[in-house]
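Engineer: One structure is given below, represented as structure tokens, and several questions about it will come after.
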Amino acid sequence: RDAPTSIDRAYALTILAALLFQHDEVDVAERLYAESRREVADDDPIDREVLLPSEVAKAGYLIGLCRHREALELLTRLCPRMELSDDPATHTDYSKAMGAALCSLGRGEESLPFVEDAVELARISFGPQSHATLDATFLLAQLLACVGRVEEAKAMGTDVLVALTRLLGPDHHVTRRTRDYIRYFRTV
């Protein structure tokens with residue numbers, strides 16, 4: 001067998017870093033991401049297919065860790081590379097993460113166009129009842145509630161809840177979580 005190439009190494013480092021991020025091993029994951037970036041040029045296909053999606057996922061992990069400013073900085077740095085990607089899932093995730101980061105930093109109105117784009121792209125690419133579309137739509141509902149557009153948020157959230165109940169059943173954890181958020185909308 002041939003020796004591993006730099007692309008093989010970058011791929012392995014990226015996968016390992018993503019797993020470490022999921023288990024809150026942030027410092028080690030950060031070092032592995034940085035090392036994987038040194039292995040591959042921005043215009044290499046492996047960047048568009050593996051590294052870029054994993055770095056967008058990393059931004060999502062940072063948001064989950066309430067490291068919103070870092071997530072926004074990462075997403076801003078990724079913007080030129082996003083133009084090279086034709087993967088609708090990566091673009092949808094990027095737009096959702098950008099919207100979530102902006103809103104978490106008190107820039108709710110700025111966040112809406114990103115998530116509206118994510119909803120539209122997911123709807124076109126994956127269908128109106130896909131998980132990607134429903135997830136992006138519910139994020140948009142949450143952001144609408146955050147900027148005071150509560151009635152729109154309730155209506156949109158209820159539509160998502162109906163679709164999730166039909167697709168996953170009323171007792172699925174995603175359906176229950178969505179139902180709980182909608183209750184929160186009613187108290188805003």
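Every chain in the structure tokens takes a letter, A first, then B, and so on in the order presented; its residues are numbered from 1, and the ligands are numbered from 1 following the presented order.
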Report the residues of region 118-177 of chain A whose backbone DSSP state falls under alpha helix (DSSP H), written as a ChimeraX atom specification.
Structural biologist: /A:118-126,131-146,150-168,173-177
Engineer: Please identify all polymer residues within 12 Å of Val26 (chain A), counting only C-alpha atoms, omitting same-chain residues fewer than 4 positions from it, and present them as a list in words.
Structural biologist: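 Answer for this query is Leu16, Ala17, Ala18, Leu19, Leu20, Phe21, Gln22, Glu30, Arg31, Leu32, Tyr33, Lys58, Ala59, Tyr61, Leu62, Gly64, Leu65 and Arg67 of chain A.
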Engineer: Write out as a PyMOL selection string each polymer residue whose atoms come within 10 Å of Gly60 (chain A), counting only C-alpha atoms; drop sequence neighbours fewer than 6 positions from it.
Structural biologist: chain A and resi 54+66-68+71-72+75+93-94+96-98+100-101
Engineer: Would you output that residue set with C-alpha atoms, as a short mmCIF file (atom, residue, chain, number, x, y, z; two decimals), in the first residue's frame?
Structural biologist:
data_model
loop_
_atom_site.label_atom_id
_atom_site.label_comp_id
_atom_site.auth_asym_id
_atom_site.auth_seq_id
_atom_site.Cartn_x
_atom_site.Cartn_y
_atom_site.Cartn_z
CA SER A 54 -16.14 20.20 8.90
CA CYS A 66 -21.52 29.82 23.65
CA ARG A 67 -18.34 30.92 21.87
CA HIS A 68 -20.34 33.07 19.45
CA ALA A 71 -17.82 31.20 15.58
CA LEU A 72 -18.54 34.45 13.75
CA LEU A 75 -17.45 31.89 9.51
CA ASP A 93 -25.26 24.86 7.43
CA TYR A 94 -23.03 27.91 6.86
CA LYS A 96 -27.69 28.77 9.64
CA ALA A 97 -24.50 29.09 11.68
CA MET A 98 -23.92 32.66 10.50
CA ALA A 100 -27.25 31.93 14.86
CA ALA A 101 -23.89 33.56 15.64
#
Engineer: For Asp135 (chain A), which of A:Thr92, A:Ser85, A:Ser111, A:Thr76 is the closest residue, counting only C-alpha atoms?
Structural biologist: A:Thr92
Engineer: Report as a PyMOL selection string all protein, DNA and RNA residues lying within 10 Å of Leu78 (chain A), evaluated on only C-alpha atoms, omitting residues in the same chain fewer than 4 positions from it.
Structural biologist: chain A and resi 42+52+55-56+72-74+82-83+94
Engineer: From the list A:Cys103, A:Met156, A:Ala118, A:Leu112, which residue is nearest Thr178 (chain A) when using only C-alpha atoms?
Structural biologist: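 Closest to Thr178 (chain A), using only C-alpha atoms: A:Met156.
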Engineer: Which residues are near region 113-116 of chain A? Cut-off 8 Å, only C-alpha atoms, ignore same chain within fewer than 6 positions. Put them as JSON, numbers by chain.
Structural biologist: {"A": [95, 96, 98, 99, 136, 137, 139, 140]}
Engineer: Please save all heavy atoms of the selected residues as a PDB file, in the first residue's frame.
Structural biologist:
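Okay, this is what ended up in part.pdb:
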ATOM      1  N   SER A  95     -25.055  29.160   6.369  1.00  0.00           N
ATOM      2  CA  SER A  95     -26.013  30.258   6.547  1.00  0.00           C
ATOM      3  C   SER A  95     -26.718  30.169   7.900  1.00  0.00           C
ATOM      4  O   SER A  95     -26.931  31.195   8.562  1.00  0.00           O
ATOM      5  CB  SER A  95     -27.041  30.251   5.413  1.00  0.00           C
ATOM      6  OG  SER A  95     -26.410  30.555   4.190  1.00  0.00           O
ATOM      7  N   LYS A  96     -27.061  28.948   8.316  1.00  0.00           N
ATOM      8  CA  LYS A  96     -27.691  28.772   9.638  1.00  0.00           C
ATOM      9  C   LYS A  96     -26.733  29.180  10.746  1.00  0.00           C
ATOM     10  O   LYS A  96     -27.122  29.882  11.694  1.00  0.00           O
ATOM     11  CB  LYS A  96     -28.137  27.324   9.831  1.00  0.00           C
ATOM     12  CG  LYS A  96     -29.344  26.944   9.025  1.00  0.00           C
ATOM     13  CD  LYS A  96     -29.710  25.480   9.084  1.00  0.00           C
ATOM     14  CE  LYS A  96     -29.156  24.688  10.207  1.00  0.00           C
ATOM     15  NZ  LYS A  96     -29.355  23.247  10.095  1.00  0.00           N
ATOM     16  N   MET A  98     -24.143  31.221  10.551  1.00  0.00           N
ATOM     17  CA  MET A  98     -23.918  32.660  10.496  1.00  0.00           C
ATOM     18  C   MET A  98     -25.091  33.395  11.160  1.00  0.00           C
ATOM     19  O   MET A  98     -24.893  34.317  11.954  1.00  0.00           O
ATOM     20  CB  MET A  98     -23.735  33.124   9.051  1.00  0.00           C
ATOM     21  CG  MET A  98     -23.387  34.588   8.914  1.00  0.00           C
ATOM     22  SD  MET A  98     -21.809  35.036   9.644  1.00  0.00           S
ATOM     23  CE  MET A  98     -20.744  34.902   8.227  1.00  0.00           C
ATOM     24  N   GLY A  99     -26.306  32.978  10.842  1.00  0.00           N
ATOM     25  CA  GLY A  99     -27.479  33.597  11.450  1.00  0.00           C
ATOM     26  C   GLY A  99     -27.513  33.413  12.957  1.00  0.00           C
ATOM     27  O   GLY A  99     -27.776  34.360  13.711  1.00  0.00           O
ATOM     28  N   ALA A 136     -33.889  24.441   9.365  1.00  0.00           N
ATOM     29  CA  ALA A 136     -33.618  25.840   9.023  1.00  0.00           C
ATOM     30  C   ALA A 136     -34.852  26.711   9.273  1.00  0.00           C
ATOM     31  O   ALA A 136     -34.734  27.832   9.767  1.00  0.00           O
ATOM     32  CB  ALA A 136     -33.163  25.947   7.570  1.00  0.00           C
ATOM     33  N   THR A 137     -36.020  26.186   8.950  1.00  0.00           N
ATOM     34  CA  THR A 137     -37.258  26.946   9.158  1.00  0.00           C
ATOM     35  C   THR A 137     -37.495  27.196  10.641  1.00  0.00           C
ATOM     36  O   THR A 137     -37.897  28.291  11.045  1.00  0.00           O
ATOM     37  CB  THR A 137     -38.457  26.205   8.529  1.00  0.00           C
ATOM     38  OG1 THR A 137     -38.195  25.999   7.135  1.00  0.00           O
ATOM     39  CG2 THR A 137     -39.745  26.994   8.690  1.00  0.00           C
ATOM     40  N   LEU A 139     -35.186  27.343  12.979  1.00  0.00           N
ATOM     41  CA  LEU A 139     -34.205  28.335  13.412  1.00  0.00           C
ATOM     42  C   LEU A 139     -34.689  29.735  13.031  1.00  0.00           C
ATOM     43  O   LEU A 139     -34.594  30.671  13.831  1.00  0.00           O
ATOM     44  CB  LEU A 139     -32.834  28.061  12.794  1.00  0.00           C
ATOM     45  CG  LEU A 139     -31.746  29.097  13.096  1.00  0.00           C
ATOM     46  CD1 LEU A 139     -31.505  29.229  14.598  1.00  0.00           C
ATOM     47  CD2 LEU A 139     -30.467  28.731  12.373  1.00  0.00           C
ATOM     48  N   LEU A 140     -35.241  29.874  11.845  1.00  0.00           N
ATOM     49  CA  LEU A 140     -35.781  31.168  11.432  1.00  0.00           C
ATOM     50  C   LEU A 140     -36.903  31.597  12.380  1.00  0.00           C
ATOM     51  O   LEU A 140     -36.968  32.764  12.783  1.00  0.00           O
ATOM     52  CB  LEU A 140     -36.279  31.111   9.982  1.00  0.00           C
ATOM     53  CG  LEU A 140     -36.866  32.400   9.425  1.00  0.00           C
ATOM     54  CD1 LEU A 140     -35.872  33.555   9.503  1.00  0.00           C
ATOM     55  CD2 LEU A 140     -37.318  32.178   7.973  1.00  0.00           C
TER      56      LEU A 140
END
Engineer: Which residues come within 8 Å of Cys146 (chain A), counting only C-alpha atoms, excluding same-chain residues fewer than 4 positions away, as a PDB file with all heavy atoms, in the first residue's frame?
Structural biologist:
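Listing of out.pdb after writing:
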ATOM      1  N   CYS A 103     -27.213  36.500  15.695  1.00  0.00           N
ATOM      2  CA  CYS A 103     -28.309  36.735  16.633  1.00  0.00           C
ATOM      3  C   CYS A 103     -27.816  36.627  18.080  1.00  0.00           C
ATOM      4  O   CYS A 103     -28.185  37.431  18.929  1.00  0.00           O
ATOM      5  CB  CYS A 103     -29.450  35.757  16.377  1.00  0.00           C
ATOM      6  SG  CYS A 103     -30.933  36.182  17.323  1.00  0.00           S
ATOM      7  N   GLY A 108     -29.711  40.521  15.711  1.00  0.00           N
ATOM      8  CA  GLY A 108     -30.821  39.716  15.215  1.00  0.00           C
ATOM      9  C   GLY A 108     -31.307  40.071  13.826  1.00  0.00           C
ATOM     10  O   GLY A 108     -31.533  39.192  12.995  1.00  0.00           O
ATOM     11  N   GLN A 142     -37.201  30.821  15.510  1.00  0.00           N
ATOM     12  CA  GLN A 142     -36.565  31.241  16.764  1.00  0.00           C
ATOM     13  C   GLN A 142     -35.983  32.652  16.634  1.00  0.00           C
ATOM     14  O   GLN A 142     -36.131  33.474  17.555  1.00  0.00           O
ATOM     15  CB  GLN A 142     -35.454  30.263  17.141  1.00  0.00           C
ATOM     16  CG  GLN A 142     -35.982  28.903  17.560  1.00  0.00           C
ATOM     17  CD  GLN A 142     -34.861  27.896  17.722  1.00  0.00           C
ATOM     18  OE1 GLN A 142     -34.108  27.651  16.789  1.00  0.00           O
ATOM     19  NE2 GLN A 142     -34.759  27.333  18.900  1.00  0.00           N
ATOM     20  N   VAL A 150     -43.099  37.830  17.086  1.00  0.00           N
ATOM     21  CA  VAL A 150     -43.567  36.634  17.787  1.00  0.00           C
ATOM     22  C   VAL A 150     -44.701  35.931  17.047  1.00  0.00           C
ATOM     23  O   VAL A 150     -44.718  34.694  16.973  1.00  0.00           O
ATOM     24  CB  VAL A 150     -43.977  36.988  19.240  1.00  0.00           C
ATOM     25  CG1 VAL A 150     -44.517  35.776  19.967  1.00  0.00           C
ATOM     26  CG2 VAL A 150     -42.798  37.594  19.988  1.00  0.00           C
TER      27      VAL A 150
END
Engineer: Choose the residue, out of A:Val119, A:Leu105, A:Ile15, A:Ala29, that has the smallest atom-to-atom separation from His91 (chain A); count only C-alpha atoms.
Structural biologist: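 Ranking A:Val119, A:Leu105, A:Ile15, A:Ala29 by distance to His91 (chain A), first place goes to A:Val119.
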Engineer: Please, what distance in Å, to one decimal, runs between CA of Tyr181 (chain A) and CA of Leu164 (chain A)?
Structural biologist: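 Going from CA of Tyr181 (chain A) over to CA of Leu164 (chain A) covers 13.5 Å.
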